[in-house]
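What follows is the content of coords.cif, which has mmCIF, C-alpha atoms:
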data_coords
loop_
_atom_site.label_atom_id
_atom_site.label_comp_id
_atom_site.auth_asym_id
_atom_site.auth_seq_id
_atom_site.Cartn_x
_atom_site.Cartn_y
_atom_site.Cartn_z
CA LEU A 1 109.29 149.46 169.26
CA ALA A 2 111.52 152.24 168.20
CA LEU A 3 109.98 155.64 167.57
CA TYR A 4 108.65 157.46 170.62
CA PHE A 5 107.36 160.86 171.64
CA HIS A 6 106.37 162.60 174.84
CA SER A 7 102.93 163.63 175.94
CA GLY A 8 101.25 165.14 178.96
CA GLU A 9 99.55 162.80 181.41
CA ARG A 10 96.01 163.57 180.38
CA GLU A 11 96.82 164.76 176.90
CA GLU A 12 95.26 163.07 173.91
CA LYS A 13 97.61 162.45 171.03
CA CYS A 14 96.13 161.66 167.66
CA ILE A 15 97.56 160.49 164.42
CA ILE A 16 95.86 160.40 161.05
CA GLU A 17 95.88 157.41 158.72
CA ASP A 18 94.58 157.95 155.23
CA VAL A 19 93.73 154.46 154.00
CA PRO A 20 91.62 152.88 151.28
CA THR A 21 88.67 150.67 152.19
CA ASP A 22 89.13 147.10 153.51
CA THR A 23 92.64 147.80 154.75
CA LEU A 24 93.98 146.26 157.92
CA VAL A 25 95.80 148.68 160.18
CA ILE A 26 97.78 147.31 163.10
CA GLY A 27 99.24 149.45 165.86
CA ASN A 28 101.78 148.56 168.52
CA TYR A 29 102.41 150.85 171.42
CA LYS A 30 104.17 150.98 174.74
CA VAL A 31 103.73 153.72 177.31
CA GLN A 32 106.04 154.68 180.16
CA ARG A 33 105.53 157.20 182.89
CA TRP A 34 108.10 159.68 184.15
CA ASP A 35 109.06 159.07 187.76
CA ILE A 36 109.81 162.30 189.63
CA HIS A 37 111.90 160.61 192.34
CA LYS A 38 114.10 158.50 190.12
CA GLN A 39 114.16 161.17 187.41
CA GLU A 40 113.71 158.60 184.69
CA PHE A 41 111.02 156.73 182.85
CA LEU A 42 109.76 153.66 184.67
CA GLU A 43 109.95 150.40 182.79
CA SER A 44 106.41 149.52 183.83
CA ALA A 45 103.85 151.55 185.68
CA PRO A 46 101.11 149.53 187.39
CA GLY A 47 97.60 150.57 186.57
CA LEU A 48 98.65 152.69 183.65
CA GLY A 49 96.61 152.08 180.55
CA MET A 50 95.78 153.76 177.30
CA PHE A 51 92.43 154.47 175.75
CA VAL A 52 92.66 153.83 172.05
CA THR A 53 89.95 155.45 169.94
CA VAL A 54 89.68 155.06 166.19
CA THR A 55 87.34 157.39 164.29
CA THR A 56 86.26 156.85 160.68
CA PRO A 57 86.13 159.63 158.05
CA SER A 58 82.37 159.96 158.70
CA ALA A 59 83.04 160.64 162.40
CA GLU A 60 81.84 157.23 163.61
CA VAL A 61 83.82 155.50 166.32
CA LEU A 62 85.26 152.27 164.99
CA LEU A 63 87.24 151.19 168.01
CA SER A 64 87.28 152.46 171.57
CA LYS A 65 89.03 150.28 174.10
CA LEU A 66 91.24 150.48 177.15
CA TYR A 67 94.51 148.62 176.83
CA GLY A 68 97.35 148.11 179.28
CA PRO A 69 100.71 149.89 179.31
CA GLN A 70 101.76 147.84 176.31
CA GLY A 71 99.45 146.59 173.64
CA THR A 72 98.48 145.92 170.08
CA PHE A 73 95.32 147.19 168.47
CA SER A 74 94.02 146.67 164.97
CA PHE A 75 91.09 147.63 162.84
CA THR A 76 89.91 147.16 159.27
CA SER A 77 88.65 150.19 157.45
CA HIS A 78 85.14 149.94 155.97
CA GLN A 79 85.38 153.30 154.26
CA SER A 80 88.24 154.90 152.44
CA GLY A 81 89.50 158.10 153.93
CA GLU A 82 91.19 159.65 156.91
CA HIS A 83 90.89 157.56 160.04
CA ILE A 84 92.00 159.19 163.26
CA ILE A 85 93.72 157.06 165.88
CA CYS A 86 93.79 158.71 169.31
CA LEU A 87 95.70 157.64 172.38
CA GLN A 88 94.92 158.94 175.83
CA SER A 89 96.10 157.60 179.13
CA ASN A 90 93.64 156.59 181.83
CA SER A 91 95.62 158.43 184.45
CA THR A 92 93.37 159.94 187.10
CA ARG A 93 96.00 162.28 188.52
CA PHE A 94 95.35 165.96 188.22
CA VAL A 95 97.07 167.93 185.51
CA ALA A 96 98.65 170.19 188.12
CA PHE A 97 101.23 167.49 188.81
CA ALA A 98 104.24 169.39 187.50
CA GLY A 99 106.86 167.58 185.51
CA SER A 100 104.73 164.56 184.87
CA LYS A 101 104.81 163.24 181.37
CA LEU A 102 104.46 160.06 179.41
CA ARG A 103 106.69 158.47 176.85
CA ILE A 104 104.69 156.74 174.13
CA HIS A 105 106.38 154.28 171.75
CA LEU A 106 104.33 153.81 168.62
CA ASP A 107 104.47 151.66 165.52
CA ILE A 108 101.64 151.63 162.99
CA ARG A 109 101.51 149.27 160.06
CA VAL A 110 99.09 149.76 157.21
CA GLY A 111 98.12 146.91 154.92
CA GLU A 112 99.51 143.44 155.30
CA HIS A 113 102.48 143.92 153.08
CA PHE A 114 105.09 143.61 155.75
CA LEU A 115 107.28 140.52 155.87
CA ASP A 116 106.51 137.96 158.49
CA GLU A 117 109.93 136.55 159.22
CA SER A 118 108.89 133.94 161.76
CA ALA A 119 106.70 132.02 159.31
CA LEU A 120 109.59 132.00 156.90
CA GLN A 121 111.96 130.09 159.19
CA ALA A 122 109.87 126.94 159.07
CA LYS A 123 109.70 126.74 155.29
CA ASP A 124 112.12 124.94 153.04
CA LYS A 125 113.62 126.28 149.87
CA VAL A 126 110.81 125.66 147.38
CA ASN A 127 108.20 127.04 149.72
CA GLU A 128 110.38 130.05 150.36
CA VAL A 129 109.81 131.26 146.80
CA ASN A 130 106.11 130.44 147.16
CA PHE A 131 105.96 132.48 150.32
CA ARG A 132 107.72 135.43 148.73
CA LEU A 133 105.36 135.27 145.76
CA GLU A 134 102.35 135.34 148.04
CA HIS A 135 103.81 138.35 149.74
CA LEU A 136 104.33 140.07 146.38
CA ILE A 137 100.74 139.36 145.38
CA GLU A 138 99.65 140.90 148.69
CA GLN A 139 101.66 144.00 147.86
CA ILE A 140 100.06 144.26 144.43
CA HIS A 141 96.57 144.04 145.94
CA HIS A 142 97.41 146.85 148.30
CA ILE A 143 98.68 148.98 145.40
CA THR A 144 95.48 148.32 143.44
CA LYS A 145 93.33 149.33 146.42
CA GLU A 146 95.31 152.53 146.83
CA GLN A 147 94.89 153.32 143.14
CA ASN A 148 91.12 152.90 143.34
CA TYR A 149 91.09 155.19 146.34
CA GLU A 150 93.19 157.68 144.40
CA ARG A 151 90.62 157.68 141.61
CA GLU A 152 87.85 158.52 144.14
CA ARG A 153 89.87 161.35 145.57
CA GLU A 154 90.74 162.82 142.20
CA GLU A 155 87.05 162.86 141.35
CA LYS A 156 86.29 164.79 144.54
CA PHE A 157 89.12 167.20 143.74
CA ARG A 158 87.82 167.75 140.24
CA LYS A 159 84.29 168.39 141.54
CA THR A 160 85.59 170.95 144.01
CA SER A 161 87.56 172.76 141.30
CA GLU A 162 84.59 172.81 138.94
CA GLU A 163 82.34 174.06 141.73
CA THR A 164 84.80 176.88 142.45
CA ASN A 165 84.88 177.74 138.77
CA SER A 166 81.09 177.97 138.44
CA ASN A 167 80.84 179.78 141.79
CA ILE A 168 83.16 182.51 140.55
CA LEU A 169 81.20 182.93 137.34
CA TRP A 170 77.80 182.87 139.07
CA TRP A 171 78.78 185.38 141.74
CA ALA A 172 80.35 187.73 139.21
CA ILE A 173 77.08 187.79 137.22
CA VAL A 174 75.00 188.30 140.39
CA GLN A 175 77.21 191.15 141.53
CA THR A 176 77.08 192.87 138.14
CA LEU A 177 73.28 192.62 138.11
CA ILE A 178 73.08 194.02 141.64
CA LEU A 179 75.39 196.86 140.63
CA ILE A 180 73.34 197.79 137.57
CA SER A 181 69.96 197.55 139.28
CA ILE A 182 71.14 199.47 142.34
CA GLY A 183 72.60 202.13 140.08
CA ILE A 184 69.30 202.55 138.24
CA TRP A 185 67.38 202.60 141.52
CA GLN A 186 69.74 205.24 142.95
CA ILE A 187 69.37 207.61 140.01
CA LYS A 188 65.61 207.13 139.86
CA SER A 189 65.17 207.61 143.59
CA LEU A 190 67.28 210.76 143.69
CA ARG A 191 65.58 212.22 140.64
CA ASP A 192 62.15 211.68 142.18
CA PHE A 193 63.41 213.15 145.43
CA PHE A 194 64.79 216.32 143.82
CA ILE A 195 61.64 216.81 141.75
CA SER A 196 59.49 216.49 144.86
CA LYS A 197 61.68 219.00 146.68
CA LYS A 198 61.38 221.39 143.74
CA LEU A 199 65.14 221.65 143.29
CA VAL A 200 65.04 220.55 139.67
CA ALA B 1 122.77 143.76 162.01
CA CYS B 2 119.65 145.53 163.17
CA ALA B 3 116.36 145.13 161.38
CA ALA B 4 115.29 147.99 159.20
CA ARG B 5 112.44 150.06 160.53
CA ALA B 6 110.29 152.63 158.86
CA SER B 7 107.78 154.75 160.69
CA GLU B 8 105.45 157.00 158.84
CA ILE B 9 103.05 159.12 160.81
CA THR B 10 100.59 161.83 159.82
CA PHE B 11 99.62 164.08 162.69
CA GLU B 12 98.10 167.46 163.34
CA LEU B 13 100.38 170.16 164.69
CA PRO B 14 98.36 172.89 166.46
CA ASP B 15 99.37 176.54 166.15
CA ASN B 16 102.28 177.63 168.33
CA ALA B 17 103.09 174.00 169.03
CA LYS B 18 106.15 171.85 168.65
CA GLN B 19 106.19 168.08 168.42
CA CYS B 20 109.33 166.00 168.84
CA PHE B 21 110.03 162.37 168.04
CA TYR B 22 112.90 160.26 169.30
CA GLU B 23 114.52 157.10 168.06
CA GLU B 24 117.46 155.04 169.19
CA ILE B 25 119.83 154.39 166.35
CA ALA B 26 122.97 152.28 166.22
CA GLN B 27 126.18 153.68 164.84
CA GLY B 28 126.70 153.39 161.10
CA THR B 29 123.03 153.01 160.22
CA LYS B 30 121.87 154.90 157.21
CA CYS B 31 118.68 156.81 157.96
CA THR B 32 116.32 158.96 155.95
CA LEU B 33 113.87 161.53 157.23
CA GLU B 34 111.26 162.80 154.82
CA PHE B 35 108.41 165.12 155.66
CA GLN B 36 105.63 167.01 153.94
CA VAL B 37 103.01 169.47 155.09
CA ILE B 38 99.57 168.46 153.85
CA THR B 39 97.11 171.08 155.05
CA GLY B 40 97.17 174.42 156.79
CA GLY B 41 98.12 178.02 156.14
CA HIS B 42 101.08 178.37 153.81
CA TYR B 43 101.78 174.63 154.03
CA ASP B 44 105.13 175.11 155.74
CA VAL B 45 106.75 173.97 158.96
CA ASP B 46 110.11 174.21 160.76
CA CYS B 47 112.05 171.00 161.09
CA ARG B 48 115.13 170.18 163.14
CA LEU B 49 117.11 166.97 163.56
CA GLU B 50 119.63 166.51 166.38
CA ASP B 51 122.04 163.74 167.26
CA PRO B 52 122.51 162.36 170.82
CA ASP B 53 125.06 165.10 171.62
CA GLY B 54 122.62 167.82 170.64
CA THR B 55 124.46 168.74 167.46
CA VAL B 56 122.00 169.94 164.88
CA LEU B 57 122.27 167.73 161.82
CA TYR B 58 119.45 169.32 159.86
CA LYS B 59 117.60 172.55 160.41
CA GLU B 60 115.20 174.21 158.01
CA MET B 61 112.63 176.92 158.59
CA LYS B 62 109.28 177.13 156.83
CA LYS B 63 109.77 174.20 154.49
CA GLN B 64 106.92 172.51 152.63
CA TYR B 65 108.67 169.29 151.79
CA ASP B 66 112.13 167.88 152.24
CA SER B 67 114.10 164.67 152.38
CA PHE B 68 117.28 164.24 154.42
CA THR B 69 119.59 161.22 154.50
CA PHE B 70 122.32 160.77 157.07
CA THR B 71 124.46 158.04 158.57
CA ALA B 72 124.43 157.76 162.34
CA SER B 73 127.89 158.71 163.56
CA ARG B 74 127.33 157.29 167.04
CA ASN B 75 124.93 155.22 169.09
CA GLY B 76 122.18 156.98 170.93
CA THR B 77 118.83 158.66 170.78
CA TYR B 78 118.30 160.93 167.82
CA LYS B 79 115.62 163.55 168.03
CA PHE B 80 113.68 165.41 165.35
CA CYS B 81 111.14 168.14 165.92
CA PHE B 82 108.49 169.89 163.90
CA SER B 83 107.57 173.37 164.96
CA ASN B 84 104.57 175.50 164.09
CA GLU B 85 105.51 178.19 166.58
CA PHE B 86 105.63 180.91 163.94
CA SER B 87 101.96 180.49 163.14
CA THR B 88 99.35 182.28 165.21
CA PHE B 89 96.17 180.51 164.29
CA THR B 90 96.63 177.93 161.57
CA HIS B 91 97.25 174.36 162.56
CA LYS B 92 99.09 172.15 160.14
CA THR B 93 98.86 168.48 159.20
CA VAL B 94 102.36 167.08 158.84
CA TYR B 95 103.42 163.73 157.39
CA PHE B 96 106.84 162.28 158.01
CA ASP B 97 108.57 159.05 157.10
CA PHE B 98 111.61 158.06 159.13
CA GLN B 99 113.50 155.13 157.71
CA VAL B 100 116.24 153.50 159.78
CA GLY B 101 118.58 151.07 158.10
CA GLU B 102 118.32 149.30 154.79
CA ASP B 103 115.85 146.51 154.15
CA PRO B 104 117.23 143.03 154.77
CA PRO B 105 117.77 140.98 151.60
CA LEU B 106 114.82 138.81 150.59
CA PHE B 107 116.90 135.69 150.26
CA PRO B 108 119.62 135.94 152.86
CA SER B 109 123.00 134.63 151.79
CA GLU B 110 123.86 132.91 155.11
CA ASN B 111 122.42 129.51 154.31
CA ARG B 112 123.04 129.52 150.60
CA VAL B 113 125.20 127.17 148.61
CA THR B 114 124.40 128.44 145.13
CA ALA B 115 123.64 131.80 143.62
CA LEU B 116 120.03 132.98 143.44
CA THR B 117 117.86 131.08 141.02
CA GLN B 118 116.01 132.95 138.31
CA MET B 119 112.79 132.74 140.29
CA GLU B 120 114.46 134.24 143.29
CA SER B 121 116.12 137.08 141.35
CA ALA B 122 112.79 137.78 139.68
CA CYS B 123 111.20 137.96 143.14
CA VAL B 124 113.85 140.36 144.32
CA SER B 125 113.45 142.73 141.36
CA ILE B 126 109.65 142.63 141.57
CA HIS B 127 109.84 143.36 145.28
CA GLU B 128 112.10 146.36 144.69
CA ALA B 129 109.84 147.66 141.93
CA LEU B 130 106.73 147.30 144.07
CA LYS B 131 108.40 149.05 146.98
CA SER B 132 109.16 152.00 144.75
CA VAL B 133 105.59 151.95 143.39
CA ILE B 134 104.23 152.12 146.92
CA ASP B 135 106.63 154.93 147.68
CA TYR B 136 105.50 156.92 144.64
CA GLN B 137 101.88 156.28 145.52
CA THR B 138 102.42 157.70 148.98
CA HIS B 139 104.02 160.83 147.57
CA PHE B 140 101.27 161.22 145.05
CA ARG B 141 98.60 160.76 147.71
CA LEU B 142 100.20 163.50 149.82
CA ARG B 143 100.49 165.94 146.92
CA GLU B 144 96.90 165.25 145.94
CA ALA B 145 95.75 165.83 149.52
CA GLN B 146 97.67 169.10 149.55
CA GLY B 147 96.19 170.22 146.22
CA ARG B 148 92.68 169.25 147.29
CA SER B 149 93.08 171.13 150.55
CA ARG B 150 94.05 174.28 148.64
CA ALA B 151 91.13 173.85 146.23
CA GLU B 152 88.64 173.47 149.08
CA ASP B 153 90.09 176.55 150.79
CA LEU B 154 89.74 178.50 147.54
CA ASN B 155 86.15 177.39 147.10
CA THR B 156 85.15 178.46 150.61
CA ARG B 157 86.96 181.76 150.27
CA VAL B 158 85.31 182.55 146.91
CA ALA B 159 81.85 181.84 148.35
CA TYR B 160 82.31 183.92 151.50
CA TRP B 161 83.98 186.86 149.86
CA SER B 162 81.35 187.03 147.09
CA ILE B 163 78.49 187.00 149.59
CA GLY B 164 80.30 189.62 151.65
CA GLU B 165 80.89 191.85 148.64
CA ALA B 166 77.26 191.62 147.51
CA ILE B 167 76.04 192.59 150.99
CA ILE B 168 78.49 195.49 151.25
CA LEU B 169 77.45 196.66 147.80
CA LEU B 170 73.77 196.73 148.73
CA VAL B 171 74.33 198.34 152.11
CA VAL B 172 76.63 201.07 150.76
CA SER B 173 74.50 202.05 147.78
CA ILE B 174 71.22 202.14 149.68
CA GLY B 175 72.92 204.01 152.49
CA GLN B 176 74.32 206.59 150.05
CA VAL B 177 70.87 207.47 148.75
CA PHE B 178 69.34 207.87 152.19
CA LEU B 179 72.30 209.91 153.42
CA LEU B 180 72.01 212.24 150.44
CA LYS B 181 68.31 212.62 151.01
CA SER B 182 68.91 213.45 154.63
CA PHE B 183 71.23 216.36 153.70
CA PHE B 184 68.50 218.04 151.71
CA SER B 185 65.80 217.38 154.29
CA ASP B 186 67.72 219.18 157.06
CA LYS B 187 68.40 222.24 154.90
CA ARG B 188 64.70 222.54 154.19
CA THR B 189 63.70 222.73 157.86
CA THR B 190 66.38 225.35 158.71
CA THR B 191 65.29 227.58 155.78
CA THR B 192 61.69 227.49 157.00
CA ARG B 193 62.71 228.44 160.55
CA VAL B 194 64.83 231.37 159.35
CA GLY B 195 61.96 232.52 157.14
CA SER B 196 59.47 232.78 160.00
#

Take the structure in the file and write it out as structure tokens.
Amino acid sequence: LALYFHSGEREEKCIIEDVPTDTLVIGNYKVQRWDIHKQEFLESAPGLGMFVTVTTPSAEVLLSKLYGPQGTFSFTSHQSGEHIICLQSNSTRFVAFAGSKLRIHLDIRVGEHFLDESALQAKDKVNEVNFRLEHLIEQIHHITKEQNYEREREEKFRKTSEETNSNILWWAIVQTLILISIGIWQIKSLRDFFISKKLV
Amino acid sequence: ACAARASEITFELPDNAKQCFYEEIAQGTKCTLEFQVITGGHYDVDCRLEDPDGTVLYKEMKKQYDSFTFTASRNGTYKFCFSNEFSTFTHKTVYFDFQVGEDPPLFPSENRVTALTQMESACVSIHEALKSVIDYQTHFRLREAQGRSRAEDLNTRVAYWSIGEAIILLVVSIGQVFLLKSFFSDKRTTTTRVGS
């Protein structure tokens, strides 16, 4: 687990994963707490856990579980779109604890197109090519899913642009009509007013 | 030889915030950092990459997209930070892809006696091609998200500003007429008082 970042004890850190439908997303994390006395990050902190919450694009909660200081979570997307993965520690200490922070190691894998080296060791030479081919087919499926998702998104983009276009036209017409009718009303109203006041 | 790792993360960077990421890299590893701002404001962010000694390897202000390749000159923890501190109220969505090391070969040459068979070389070239397809797809997805975000912003802005303008137009023109009428009404009453 290589990449890590720091976070406050009670802070919620979220990352966004934009995935097509039916995609498996696997996350590995490891969390360490900063020890004030030793001035370093503890290798393991007893009782420290992380709440992992996954929200779908339609704001439904897909996954909400408490894991230990080190864990793996996974979910399969049922909708295509931006899923939000949030991590928050279950620490009950008050925020006023100065200098306290967490180090979170995180690794997220999207789709199953990563190589599984351990399964490979057991195979012999002929099956090795078979295995690689299966992996390639997996990759192609993932690409096809992404392309379908791209088509959906482009349609949404096009609809938004067309809506903007017609909005501009519609509002320009409305404003011109308002301008003309208000102008006529102004002149008429003032003329009637001056006639009634015997100024004209 | 260390295994190649690639981490790509999309996260939201609030206004006036800075987010740093760290990774331990062995000496001599070729690494690539690529980032892109997807939504928010002028779609720009500050980025800074430092080596274990604190020497700044890469520093750019207000960049929308960039790609930086470097070879680790020494072992240690490298740090890269994204900063939105120049922005007062727009939060940005930033994507980055940090690749450490090259991918291991598909058919490792340790336990080989012969050269790669045709099947195996075909596998290798297909794998490379598919990797680059996936890479292009990711870039395209990000650019599309950016474009869509701008289009949605534009749509909202057009709607609000048009409604606002129409309201102002009505209020000002009706107000003008009543104000003008009120000038003449006052004069009338003063003339009558002076007369009597």

Could you tell me which residues the PyMOL selection byres ((chain B) within 7 of (chain A)) grabs in this file, written as a count of residues only?
23

List the residues matched by the PyMOL selection byres ((chain A and resi 23-35) around 7) in the displayed structure as an MDAnalysis selection string, ordered by chain and then by residue number.
chainID A and resid 19:22 36:45 69:77 100:112

Restricting to all atoms listed in the file, whichever of B:Leu106, B:Ser83, B:Glu8, B:Phe89 is closest to Phe131 of chain A is B:Leu106

Going by the chain IDs and residue numbers used in this file, which residues fall under the PyMOL selection byres ((chain B and resi 27) around 7)? Write them as a PyMOL selection string.
chain B and resi 25-26+28-29+72-75

Using atom CA of Lys131 of chain B and atom CA of Pro105 of chain B as the two end points, give the distance in Å to one decimal.
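Value for the atom CA of Lys131 of chain B-atom CA of Pro105 of chain B distance: 13.2 Å.
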